[in-house]
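Raw coords11.cif, mmCIF, C-alpha atoms:
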```cif
data_input
#
loop_
_atom_site.label_atom_id
_atom_site.label_comp_id
_atom_site.auth_asym_id
_atom_site.auth_seq_id
_atom_site.Cartn_x
_atom_site.Cartn_y
_atom_site.Cartn_z
CA MET A 1 -47.69 -87.00 111.31
CA THR A 2 -47.88 -90.00 113.56
CA THR A 3 -50.91 -90.11 115.77
CA ASP A 4 -50.95 -92.01 118.97
CA HIS A 5 -54.37 -92.26 120.51
CA THR A 6 -53.10 -93.55 123.81
CA THR A 7 -51.80 -90.07 124.54
CA GLN A 8 -55.00 -88.05 124.68
CA PRO A 9 -55.30 -85.50 127.48
CA ALA A 10 -56.76 -86.95 130.63
CA THR A 11 -59.08 -84.04 131.34
CA ASP A 12 -62.15 -83.01 129.40
CA ALA A 13 -61.55 -80.08 127.08
CA ALA A 14 -64.57 -78.27 128.51
CA THR A 15 -63.48 -78.57 132.13
CA GLY A 16 -60.10 -77.56 133.41
CA HIS A 17 -57.89 -78.25 130.42
CA ALA A 18 -54.24 -77.28 130.53
CA ALA A 19 -53.10 -74.04 128.91
CA VAL A 20 -50.50 -76.02 126.98
CA GLU A 21 -49.89 -79.73 127.04
CA PHE A 22 -47.24 -81.80 125.29
CA PHE A 23 -47.43 -85.58 124.97
CA ASP A 24 -44.17 -87.25 124.05
CA VAL A 25 -43.40 -84.60 121.46
CA VAL A 26 -40.60 -85.11 118.95
CA LYS A 27 -39.47 -82.40 116.55
CA ARG A 28 -36.93 -83.06 113.84
CA PHE A 29 -35.54 -80.66 111.28
CA GLY A 30 -33.89 -81.79 108.04
CA THR A 31 -33.46 -85.34 106.83
CA GLY A 32 -30.80 -88.02 106.60
CA SER A 33 -27.36 -86.92 107.71
CA ASN A 34 -28.59 -83.35 108.08
CA GLU A 35 -31.30 -84.36 110.51
CA VAL A 36 -31.40 -82.43 113.76
CA ARG A 37 -33.55 -83.62 116.62
CA ALA A 38 -34.68 -80.45 118.38
CA LEU A 39 -37.05 -82.22 120.79
CA SER A 40 -36.80 -85.89 121.72
CA GLY A 41 -39.92 -86.95 123.58
CA VAL A 42 -41.08 -83.98 125.65
CA SER A 43 -44.13 -84.32 127.88
CA LEU A 44 -45.16 -81.20 129.75
CA ARG A 45 -48.35 -79.78 131.19
CA ILE A 46 -48.65 -76.05 131.84
CA GLU A 47 -51.70 -74.96 133.81
CA PRO A 48 -53.71 -71.79 133.25
CA GLY A 49 -52.25 -69.04 135.40
CA GLU A 50 -48.87 -70.71 135.71
CA PHE A 51 -45.66 -68.74 135.13
CA VAL A 52 -43.05 -71.15 133.81
CA ALA A 53 -39.48 -70.56 132.72
CA ILE A 54 -37.79 -72.81 130.18
CA MET A 55 -34.02 -72.88 130.58
CA GLY A 56 -31.15 -74.77 129.05
CA PRO A 57 -28.01 -74.36 126.95
CA SER A 58 -28.28 -72.89 123.48
CA GLY A 59 -29.57 -75.45 121.02
CA CYS A 60 -31.36 -77.46 123.73
CA GLY A 61 -34.75 -77.01 122.06
CA LYS A 62 -36.14 -74.11 124.14
CA SER A 63 -37.30 -72.01 121.21
CA THR A 64 -38.63 -75.04 119.31
CA LEU A 65 -40.73 -75.90 122.33
CA LEU A 66 -42.14 -72.38 122.31
CA HIS A 67 -42.92 -72.47 118.57
CA LEU A 68 -44.81 -75.73 119.03
CA ALA A 69 -46.67 -74.38 122.06
CA GLY A 70 -47.84 -71.46 119.94
CA GLY A 71 -49.06 -73.67 117.09
CA MET A 72 -46.48 -72.10 114.78
CA GLU A 73 -44.87 -75.40 113.89
CA ASP A 74 -46.00 -78.99 113.80
CA ALA A 75 -44.60 -81.77 115.91
CA THR A 76 -42.88 -84.58 114.02
CA ALA A 77 -44.45 -87.02 116.48
CA GLY A 78 -46.54 -86.76 119.63
CA ARG A 79 -49.40 -84.37 120.37
CA VAL A 80 -49.55 -80.71 121.28
CA TYR A 81 -52.65 -79.22 122.89
CA VAL A 82 -53.10 -75.47 123.19
CA ALA A 83 -56.03 -74.23 125.29
CA GLY A 84 -57.37 -77.79 125.28
CA ARG A 85 -57.27 -78.27 121.52
CA ASP A 86 -55.11 -80.63 119.52
CA VAL A 87 -53.16 -78.36 117.19
CA ALA A 88 -52.57 -81.13 114.63
CA ASP A 89 -56.30 -81.61 114.13
CA MET A 90 -56.98 -77.98 113.34
CA SER A 91 -57.51 -76.40 109.92
CA ILE A 92 -55.22 -73.60 108.85
CA THR A 93 -57.99 -71.09 109.53
CA ASP A 94 -58.69 -72.49 113.00
CA ARG A 95 -55.04 -72.50 113.79
CA ALA A 96 -54.69 -68.86 112.75
CA ALA A 97 -57.66 -68.00 114.99
CA LEU A 98 -56.12 -69.94 117.86
CA ARG A 99 -52.86 -68.04 117.47
CA ARG A 100 -54.71 -64.75 117.36
CA ARG A 101 -57.11 -65.37 120.24
CA GLU A 102 -55.34 -67.62 122.65
CA VAL A 103 -51.64 -66.99 122.20
CA GLY A 104 -49.58 -63.85 122.72
CA TYR A 105 -45.96 -63.72 121.58
CA VAL A 106 -42.99 -61.69 122.58
CA PHE A 107 -39.89 -62.65 120.71
CA GLN A 108 -36.33 -61.47 120.72
CA ARG A 109 -36.67 -60.25 117.17
CA LEU A 110 -39.19 -57.50 116.95
CA ASN A 111 -42.03 -58.02 114.57
CA LEU A 112 -44.05 -54.88 114.75
CA LEU A 113 -45.72 -53.65 111.60
CA ALA A 114 -43.72 -50.65 110.42
CA SER A 115 -46.63 -49.03 108.65
CA LEU A 116 -48.86 -48.92 111.74
CA THR A 117 -48.50 -46.60 114.72
CA ALA A 118 -47.61 -47.95 118.16
CA LEU A 119 -51.24 -47.76 119.21
CA GLU A 120 -52.46 -49.44 116.01
CA ASN A 121 -49.94 -52.25 116.38
CA VAL A 122 -51.35 -53.03 119.82
CA SER A 123 -55.02 -52.62 118.97
CA LEU A 124 -54.76 -54.66 115.75
CA PRO A 125 -55.26 -58.12 117.32
CA LEU A 126 -58.45 -56.90 119.00
CA GLU A 127 -59.77 -55.24 115.85
CA LEU A 128 -59.12 -58.45 113.89
CA GLU A 129 -61.33 -60.15 116.45
CA GLY A 130 -64.13 -57.68 115.78
CA VAL A 131 -63.72 -55.43 118.82
CA GLY A 132 -64.84 -51.91 117.92
CA ALA A 133 -62.02 -49.50 117.07
CA LYS A 134 -62.73 -47.18 119.97
CA GLN A 135 -62.76 -49.92 122.58
CA ALA A 136 -59.80 -51.68 120.99
CA ARG A 137 -57.77 -48.50 121.22
CA ALA A 138 -58.77 -47.85 124.81
CA ARG A 139 -57.58 -51.34 125.76
CA ALA A 140 -54.44 -50.89 123.70
CA ARG A 141 -53.71 -47.70 125.63
CA GLU A 142 -54.08 -49.60 128.91
CA ALA A 143 -51.70 -52.30 127.73
CA LEU A 144 -49.18 -49.71 126.59
CA ALA A 145 -49.45 -47.86 129.90
CA ALA A 146 -48.82 -51.17 131.67
CA VAL A 147 -45.47 -51.45 129.90
CA GLY A 148 -44.63 -47.83 130.67
CA LEU A 149 -45.56 -46.18 127.38
CA ASP A 150 -48.14 -43.44 127.58
CA HIS A 151 -47.21 -40.87 125.01
CA ARG A 152 -46.16 -40.61 121.36
CA LEU A 153 -48.47 -43.55 120.70
CA ASP A 154 -49.34 -42.13 117.27
CA ARG A 155 -45.73 -42.55 116.14
CA TYR A 156 -44.40 -45.44 114.07
CA PRO A 157 -42.14 -48.23 115.40
CA ASP A 158 -39.04 -46.76 113.76
CA ASP A 159 -39.50 -43.62 115.85
CA PHE A 160 -38.98 -45.63 119.04
CA SER A 161 -35.80 -47.04 120.52
CA GLY A 162 -35.24 -50.79 120.43
CA GLY A 163 -36.26 -51.06 124.05
CA GLN A 164 -39.44 -49.12 123.50
CA GLN A 165 -40.27 -51.24 120.45
CA GLN A 166 -39.95 -54.35 122.58
CA ARG A 167 -42.33 -52.85 125.10
CA ILE A 168 -44.82 -52.17 122.31
CA ALA A 169 -44.51 -55.83 121.28
CA ILE A 170 -45.18 -56.91 124.87
CA ALA A 171 -48.21 -54.64 125.05
CA ARG A 172 -49.48 -56.27 121.87
CA ALA A 173 -48.97 -59.71 123.37
CA ILE A 174 -50.89 -58.93 126.55
CA VAL A 175 -53.80 -57.06 125.02
CA GLY A 176 -57.00 -59.13 124.97
CA GLU A 177 -57.49 -62.13 127.19
CA ARG A 178 -55.09 -64.77 125.97
CA SER A 179 -54.69 -68.22 127.49
CA VAL A 180 -50.98 -68.32 126.89
CA LEU A 181 -48.24 -65.77 126.56
CA LEU A 182 -45.02 -67.07 125.04
CA ALA A 183 -41.92 -64.98 125.59
CA ASP A 184 -38.57 -65.88 124.04
CA GLU A 185 -35.76 -63.92 125.71
CA PRO A 186 -38.07 -60.88 125.73
CA THR A 187 -35.63 -58.61 127.49
CA GLY A 188 -32.74 -59.19 125.11
CA SER A 189 -32.63 -55.59 123.98
CA LEU A 190 -33.53 -53.87 127.24
CA ASP A 191 -31.38 -52.42 129.99
CA THR A 192 -31.37 -54.05 133.42
CA VAL A 193 -33.89 -51.79 135.11
CA THR A 194 -36.32 -51.96 132.19
CA SER A 195 -35.82 -55.73 131.97
CA ASP A 196 -36.76 -56.22 135.60
CA ALA A 197 -39.85 -54.08 135.10
CA VAL A 198 -40.88 -56.17 132.08
CA ILE A 199 -40.42 -59.47 133.92
CA GLU A 200 -42.33 -58.12 136.89
CA LEU A 201 -45.06 -57.15 134.46
CA LEU A 202 -45.11 -60.68 133.02
CA ALA A 203 -45.14 -62.13 136.55
CA GLY A 204 -48.29 -60.17 137.36
CA LEU A 205 -50.27 -61.49 134.38
CA PRO A 206 -51.10 -65.00 135.65
CA ALA A 207 -52.78 -63.69 138.79
CA GLN A 208 -54.41 -60.79 136.99
CA PHE A 209 -55.80 -62.56 133.91
CA GLY A 210 -55.27 -66.28 134.50
CA THR A 211 -52.88 -66.29 131.55
CA ALA A 212 -50.18 -68.94 131.49
CA VAL A 213 -46.85 -67.30 130.80
CA VAL A 214 -44.02 -69.35 129.32
CA LEU A 215 -40.69 -67.57 129.43
CA VAL A 216 -37.61 -68.82 127.62
CA THR A 217 -34.58 -67.29 129.30
CA HIS A 218 -30.98 -67.99 130.18
CA GLU A 219 -31.09 -65.46 133.03
CA PRO A 220 -31.57 -67.00 136.50
CA ARG A 221 -32.58 -63.56 137.69
CA PHE A 222 -35.63 -63.58 135.43
CA ALA A 223 -36.38 -67.26 135.99
CA SER A 224 -36.57 -66.55 139.72
CA TRP A 225 -39.81 -64.62 139.14
CA THR A 226 -41.55 -67.73 137.88
CA ASP A 227 -43.48 -70.42 139.77
CA ARG A 228 -41.67 -73.19 138.00
CA VAL A 229 -38.52 -73.75 135.98
CA VAL A 230 -38.19 -76.52 133.40
CA PHE A 231 -34.66 -77.43 132.30
CA LEU A 232 -33.97 -78.81 128.82
CA ARG A 233 -30.85 -80.47 127.51
CA ASP A 234 -30.45 -82.07 124.09
CA GLY A 235 -34.17 -81.80 123.44
CA ARG A 236 -35.23 -83.51 126.65
CA ILE A 237 -36.53 -82.25 129.98
CA VAL A 238 -33.83 -83.03 132.52
CA ASP A 239 -35.42 -81.35 135.54
CA ASP A 240 -38.40 -79.35 136.69
CA THR A 241 -38.54 -77.36 139.94
CA ALA A 242 -42.18 -78.43 140.29
CA HIS A 243 -41.15 -82.11 140.16
CA PRO A 244 -37.43 -82.20 140.90
CA VAL A 245 -35.65 -85.29 139.67
CA GLY A 246 -33.15 -85.08 142.53
CA ALA A 247 -30.47 -87.70 142.56
CA GLY A 248 -32.76 -90.18 140.82
CA VAL A 249 -33.06 -93.86 141.55
CA GLY A 250 -30.20 -95.04 143.68
CA GLY A 251 -29.09 -91.51 144.48
CA PHE A 252 -25.63 -90.23 143.56
CA ARG A 253 -23.89 -93.51 144.25
CA MET B 254 -27.63 -74.92 150.69
CA ARG B 255 -24.04 -74.02 151.02
CA ALA B 256 -22.95 -71.29 153.37
CA TYR B 257 -20.93 -68.40 152.03
CA SER B 258 -17.93 -68.13 154.32
CA VAL B 259 -17.89 -65.22 156.71
CA CYS B 260 -15.22 -66.24 159.19
CA MET B 261 -12.95 -63.57 160.58
CA ALA B 262 -14.81 -60.33 159.96
CA VAL B 263 -16.61 -60.17 163.35
CA ARG B 264 -13.49 -58.61 164.84
CA GLU B 265 -13.44 -55.82 162.30
CA GLY B 266 -17.20 -55.44 162.54
CA LEU B 267 -16.87 -54.70 166.27
CA LEU B 268 -14.02 -52.28 165.62
CA ALA B 269 -16.15 -50.45 163.06
CA LEU B 270 -18.96 -50.06 165.60
CA LEU B 271 -16.51 -48.89 168.30
CA HIS B 272 -15.14 -46.31 165.87
CA GLU B 273 -18.52 -44.59 166.25
CA GLY B 274 -17.91 -44.26 169.99
CA PRO B 275 -17.48 -46.38 173.16
CA ARG B 276 -20.00 -49.16 173.71
CA TYR B 277 -20.97 -51.97 176.08
CA GLY B 278 -20.58 -55.59 175.05
CA TYR B 279 -24.28 -56.25 174.77
CA GLN B 280 -24.81 -53.07 172.82
CA LEU B 281 -22.19 -54.26 170.33
CA LYS B 282 -24.06 -57.51 169.90
CA THR B 283 -27.39 -55.85 169.10
CA GLU B 284 -25.85 -53.19 166.85
CA PHE B 285 -23.84 -55.78 164.97
CA GLU B 286 -26.96 -57.85 164.35
CA ALA B 287 -28.98 -54.84 163.22
CA ALA B 288 -26.22 -53.72 160.86
CA THR B 289 -26.07 -57.16 159.26
CA GLY B 290 -29.80 -57.41 158.63
CA GLY B 291 -30.40 -60.05 161.28
CA VAL B 292 -28.69 -62.79 159.27
CA TRP B 293 -25.59 -62.90 161.42
CA PRO B 294 -26.52 -63.61 165.01
CA LEU B 295 -23.75 -63.33 167.61
CA ASN B 296 -23.89 -64.76 171.09
CA VAL B 297 -22.75 -62.54 173.92
CA GLY B 298 -19.95 -64.93 174.81
CA GLN B 299 -18.56 -64.62 171.30
CA VAL B 300 -18.65 -60.82 171.59
CA TYR B 301 -16.72 -60.83 174.89
CA THR B 302 -14.18 -63.36 173.64
CA THR B 303 -13.55 -61.17 170.60
CA LEU B 304 -13.32 -58.03 172.77
CA ASP B 305 -10.80 -59.77 175.05
CA ARG B 306 -8.63 -60.60 172.06
CA LEU B 307 -8.93 -57.08 170.70
CA GLU B 308 -7.93 -55.75 174.13
CA ARG B 309 -4.99 -58.15 174.30
CA ASP B 310 -3.83 -56.93 170.86
CA GLY B 311 -4.11 -53.32 171.98
CA LEU B 312 -6.85 -52.43 169.48
CA VAL B 313 -9.49 -51.85 172.12
CA GLU B 314 -9.33 -50.62 175.73
CA VAL B 315 -11.68 -50.77 178.64
CA ARG B 316 -12.73 -47.19 179.26
CA GLY B 317 -14.33 -47.64 182.60
CA ILE B 318 -16.87 -49.52 184.51
CA GLU B 319 -20.19 -47.79 184.69
CA GLY B 320 -21.87 -48.16 188.03
CA GLU B 321 -25.14 -46.48 187.13
CA THR B 322 -26.73 -49.45 185.47
CA ALA B 323 -26.61 -52.51 187.62
CA PRO B 324 -24.99 -54.94 187.11
CA SER B 325 -22.03 -52.76 186.26
CA GLN B 326 -20.81 -53.00 182.68
CA LYS B 327 -17.51 -52.45 180.99
CA THR B 328 -17.36 -49.77 178.33
CA TYR B 329 -15.04 -50.52 175.42
CA ALA B 330 -13.33 -47.94 173.24
CA ILE B 331 -11.18 -48.21 170.13
CA THR B 332 -7.49 -47.30 170.48
CA VAL B 333 -5.23 -45.47 168.01
CA ASP B 334 -3.88 -48.86 166.88
CA GLY B 335 -7.47 -50.08 166.53
CA VAL B 336 -8.30 -47.16 164.25
CA ALA B 337 -5.25 -48.00 162.13
CA ALA B 338 -6.20 -51.70 161.94
CA LEU B 339 -9.74 -50.77 160.93
CA GLY B 340 -8.37 -48.44 158.24
CA GLU B 341 -6.34 -51.32 156.79
CA TRP B 342 -9.41 -53.51 156.80
CA TRP B 343 -11.48 -51.02 154.82
CA GLU B 344 -8.69 -50.95 152.27
CA ALA B 345 -8.02 -54.69 152.01
CA VAL B 346 -9.78 -56.61 149.23
CA PRO B 347 -12.04 -59.29 150.65
CA SER B 348 -11.25 -62.73 149.38
CA ASP B 349 -11.99 -66.19 150.62
CA ASP B 350 -8.81 -68.03 149.88
CA PRO B 351 -7.36 -67.43 146.49
CA PRO B 352 -7.20 -69.76 144.56
CA PRO B 353 -10.98 -70.12 144.83
CA ARG B 354 -12.04 -73.18 146.75
CA ASP B 355 -15.71 -73.29 147.17
CA GLU B 356 -17.74 -76.37 147.73
CA LEU B 357 -19.85 -76.14 144.57
CA MET B 358 -16.75 -75.84 142.41
CA LEU B 359 -15.11 -78.78 144.12
CA LYS B 360 -18.27 -80.85 143.71
CA VAL B 361 -18.50 -80.22 139.98
CA LEU B 362 -14.78 -80.75 139.36
CA MET B 363 -14.87 -84.04 141.24
CA ALA B 364 -18.01 -85.08 139.38
CA ILE B 365 -16.26 -84.45 136.05
CA GLU B 366 -13.45 -86.72 137.20
CA ARG B 367 -16.03 -89.40 137.72
CA GLY B 368 -17.55 -88.99 134.26
CA ASP B 369 -19.54 -86.58 132.11
CA ASP B 370 -22.92 -88.17 132.76
CA HIS B 371 -22.42 -88.02 136.49
CA ALA B 372 -21.22 -84.42 136.19
CA LEU B 373 -24.30 -83.42 134.19
CA ARG B 374 -26.57 -85.00 136.81
CA VAL B 375 -24.78 -83.16 139.60
CA ILE B 376 -24.98 -79.88 137.65
CA THR B 377 -28.69 -80.41 136.95
CA HIS B 378 -29.44 -81.12 140.58
CA GLN B 379 -27.41 -78.22 141.97
CA ARG B 380 -28.99 -75.87 139.47
CA THR B 381 -32.52 -76.89 140.37
CA VAL B 382 -31.80 -76.39 144.05
CA LEU B 383 -30.22 -72.98 143.46
CA LEU B 384 -33.11 -71.83 141.29
CA THR B 385 -35.62 -73.01 143.85
CA LEU B 386 -33.72 -70.92 146.41
CA LEU B 387 -33.85 -67.90 144.10
CA GLN B 388 -37.60 -68.38 143.59
CA ALA B 389 -38.10 -68.52 147.36
CA LYS B 390 -36.07 -65.34 147.90
CA ARG B 391 -38.02 -63.57 145.20
CA LYS B 392 -41.34 -64.66 146.68
CA GLU B 393 -40.18 -63.56 150.14
CA ARG B 394 -39.29 -60.16 148.78
CA ARG B 395 -42.60 -59.76 146.98
CA THR B 396 -44.59 -60.51 150.13
CA THR B 397 -42.55 -58.73 152.79
CA ALA B 398 -42.71 -55.00 153.14
CA GLY B 399 -40.67 -52.71 155.34
CA GLU B 400 -37.47 -54.71 155.16
CA THR B 401 -34.46 -52.86 156.56
CA LEU B 402 -31.82 -51.70 154.10
CA ALA B 403 -29.30 -54.07 155.70
CA ALA B 404 -31.61 -57.06 155.34
CA ARG B 405 -32.33 -56.14 151.74
CA LEU B 406 -28.65 -55.83 150.87
CA VAL B 407 -27.88 -59.15 152.52
CA THR B 408 -30.57 -60.84 150.42
CA ASP B 409 -29.23 -59.08 147.33
CA ALA B 410 -25.79 -60.50 148.05
CA LEU B 411 -27.11 -64.05 148.42
CA VAL B 412 -29.15 -63.69 145.24
CA ALA B 413 -26.23 -62.26 143.26
CA ARG B 414 -24.01 -65.15 144.36
CA ALA B 415 -26.61 -67.77 143.55
CA GLU B 416 -27.03 -66.17 140.12
CA ALA B 417 -23.29 -66.25 139.58
CA ASP B 418 -23.19 -69.92 140.60
CA LEU B 419 -26.01 -70.69 138.19
CA ARG B 420 -24.20 -68.95 135.35
CA TRP B 421 -21.09 -70.90 136.17
CA LEU B 422 -23.05 -74.17 136.15
CA ASP B 423 -24.40 -73.23 132.70
CA THR B 424 -20.85 -72.65 131.51
CA CYS B 425 -19.80 -76.03 132.88
CA GLU B 426 -22.66 -77.70 131.07
CA GLU B 427 -21.84 -75.98 127.76
CA HIS B 428 -18.20 -76.99 128.00
CA LEU B 429 -19.05 -80.56 128.90
CA GLN B 430 -21.41 -80.83 125.97
CA HIS B 431 -19.15 -79.28 123.40
CA ARG B 432 -15.76 -80.60 124.31
CA PRO B 433 -14.37 -83.14 121.87
CA ALA B 434 -14.62 -86.77 122.87
CA PRO B 435 -11.44 -87.94 124.57
CA ALA B 436 -9.14 -89.67 122.11
CA ALA B 437 -8.18 -93.37 122.41
CA VAL B 438 -11.40 -94.37 124.13
CA THR B 439 -12.53 -96.24 121.07
CA HIS B 440 -11.30 -96.88 117.53
CA SER B 441 -14.24 -95.08 115.93
CA ASN B 442 -13.40 -92.02 117.89
CA THR B 443 -16.34 -89.82 116.87
CA SER B 444 -19.94 -89.72 118.01
CA THR B 445 -19.56 -92.17 120.88
CA ARG B 446 -20.06 -89.40 123.40
CA LYS B 447 -23.29 -88.19 121.80
CA ALA B 448 -24.58 -91.71 121.41
CA SER B 449 -24.01 -92.47 125.06
CA ARG B 450 -26.46 -89.82 126.21
#
```

Entire entry expressed as structure tokens:
Amino acid sequence: MTTDHTTQPATDAATGHAAVEFFDVVKRFGTGSNEVRALSGVSLRIEPGEFVAIMGPSGCGKSTLLHLAGGMEDATAGRVYVAGRDVADMSITDRAALRRREVGYVFQRLNLLASLTALENVSLPLELEGVGAKQARARAREALAAVGLDHRLDRYPDDFSGGQQQRIAIARAIVGERSVLLADEPTGSLDTVTSDAVIELLAGLPAQFGTAVVLVTHEPRFASWTDRVVFLRDGRIVDDTAHPVGAGVGGFR
Amino acid sequence: MRAYSVCMAVREGLLALLHEGPRYGYQLKTEFEAATGGVWPLNVGQVYTTLDRLERDGLVEVRGIEGETAPSQKTYAITVDGVAALGEWWEAVPSDDPPPRDELMLKVLMAIERGDDHALRVITHQRTVLLTLLQAKRKERRTTAGETLAARLVTDALVARAEADLRWLDTCEEHLQHRPAPAAVTHSNTSTRKASR
């Protein structure tokens, strides 16, 4: 890992740090002729309480960006800060705690634990953090109600439809007060009406909890709910509705 | 932001309102505007010009001049031919001008003629503008209550079209990125396109 000390965050970690911040991040997979550059120098600051969509053609690096923002993968070069902390400097244990406490995930592929009930799946992150079982379950029920599930909570994931399972996963990602919620095409398996409800739910989180929500989507309809859209192409940010590039220097001449 | 063409339908819009019963010119103006969610303002002159043409074509007739409300106003009514013309309009499939010729499409096609890099910049810019528009519409909807059905449906139409344009821009981008490099540009005919980005 290359470290570049000129790219430290400008703000103090104790006061007003970003939810997620990337400094000139490069991510490569494979080596030699098989090398793929997923990200080629991405710098991005996402504030607490911001709802940001990441868009771009398939293979542009959207999902890689999300994995790095969640501390699930390491950058090949550059620095990634999550909740004000440099992910590269953290021990495996600290990183696991960061992922558990600060980051919620909703991915296209469901990763619920098949041997736990719906309610247990959602309350698990809180119980791992030492919240008492009773309180954890009460908060899990609230989260499940927020995604429209209020009965059969003692059933196992396989007893639910794909759409319902995704809603359980979303409830799990929003339970507890996380700094960042990362959602990768979270409505992939849902019908239109349910999808809209889920995105509306995500859109409400920043104001409600101060959570930053990062949504990877190819659907303009969903991106329109966000405060800001960042466009990637070939592993680079090509535009950002918060700081539009416009025609660039010299205009379209 | 580009305007979605509306052109000739005012005529048929007035006929549709007259099919409900005879009306004054000014009444047609206000009812037309209400029915179109306030996004399609008509001036009174435009209404009377259209009514004159409809009368000339025998689709509308002047029913009488009411003296009760001063100044006296003409009442217009739809004729049998007008009802038939309106019936044809309901049946006809709306289309701009097939083959499609909208400004965004022309812009992107021309940009591709100029070169892939230019085209990608144009696509990027147009997409950002369209998404910013969609965000604004969404925000508007979240903060305004008591919108009329007509106004809501008009916004829905604009949003659906912007979404379709965005999807089309994505398709353009994918095709531009994945099409093989044109032959005979260079002797080592691979990887020059990638390298140039």

Quick one: which residues end up in the PyMOL selection byres ((chain B) within 6 of (chain A)) for this structure, as a list in words?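 So the PyMOL selection byres ((chain B) within 6 of (chain A)), applied here, picks out His378, Leu387, Gln388 and Glu416 of chain B.
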
How would you write as a PyMOL selection string the residues that get within 12 Å of (-19.1, -58.5, 174.3) in the file's frame, counting only C-alpha atoms? chain B and resi 263-264+267-268+271+276-285+295-308+313+315+326-329

Show me, as a list of chain:residue names, the residues that have an atom within 10 Å of B:Leu411 when counting all atoms listed in the file, minus same-chain residues fewer than 4 positions from it. B:Ala256, B:Tyr257, B:Leu386, B:Leu387, B:Lys390, B:Leu406, B:Val407, B:Ala415, B:Glu416, B:Ala417

Best match for closeness to A:Ser195 among A:Leu153, A:Leu182, A:Val147, A:Ile174, counting only C-alpha atoms: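 Among the listed residues, the smallest separation from A:Ser195 belongs to A:Val147.
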
Which distance in Å separates atom CA of B:Thr424 and atom CA of B:Ile376, to one decimal? 10.3 Å

Considering only C-alpha atoms, can you say which of B:His371, B:Leu312, B:Thr408, B:Arg432 comes closest to B:Leu339? B:Leu312

Contacts of A:Gly188 at 10 Å or less, counting only C-alpha atoms, minus same-chain residues fewer than 5 places along, as a PyMOL selection string? chain A and resi 107-109+162-163+166+195+217

As lines of an AutoDock Vina configuration file, what would the box around stretch 382-389 of chain B look like: edges along x, y and z, 3 Å added on every side, centre and edge lengths in Å to one decimal?
```
center_x = -34.2
center_y = -72.1
center_z = 144.3
size_x = 13.9
size_y = 14.5
size_z = 12.1
```

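For the pair atom CA of A:Ser63 and atom CA of B:Thr385, the separation is 22.7 Å.
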
Tell me, as a PyMOL selection string, which residues lie within 10 Å of A:Glu73, counting only C-alpha atoms; anything in the same chain fewer than 4 positions away does not count. chain A and resi 27+64-69+87-88

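Evaluating the PyMOL selection byres ((chain B and resi 426) around 9) against the shown model yields Pro57 of chain A; Ala372, Leu373, Ile376, Thr377, Trp421, Leu422, Asp423, Thr424, Cys425, Glu427, His428, Leu429, Gln430 and His431 of chain B.
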
In Å, with one decimal, what is the gap from atom CA of B:Leu362 to atom CA of B:Val375? 10.3 Å
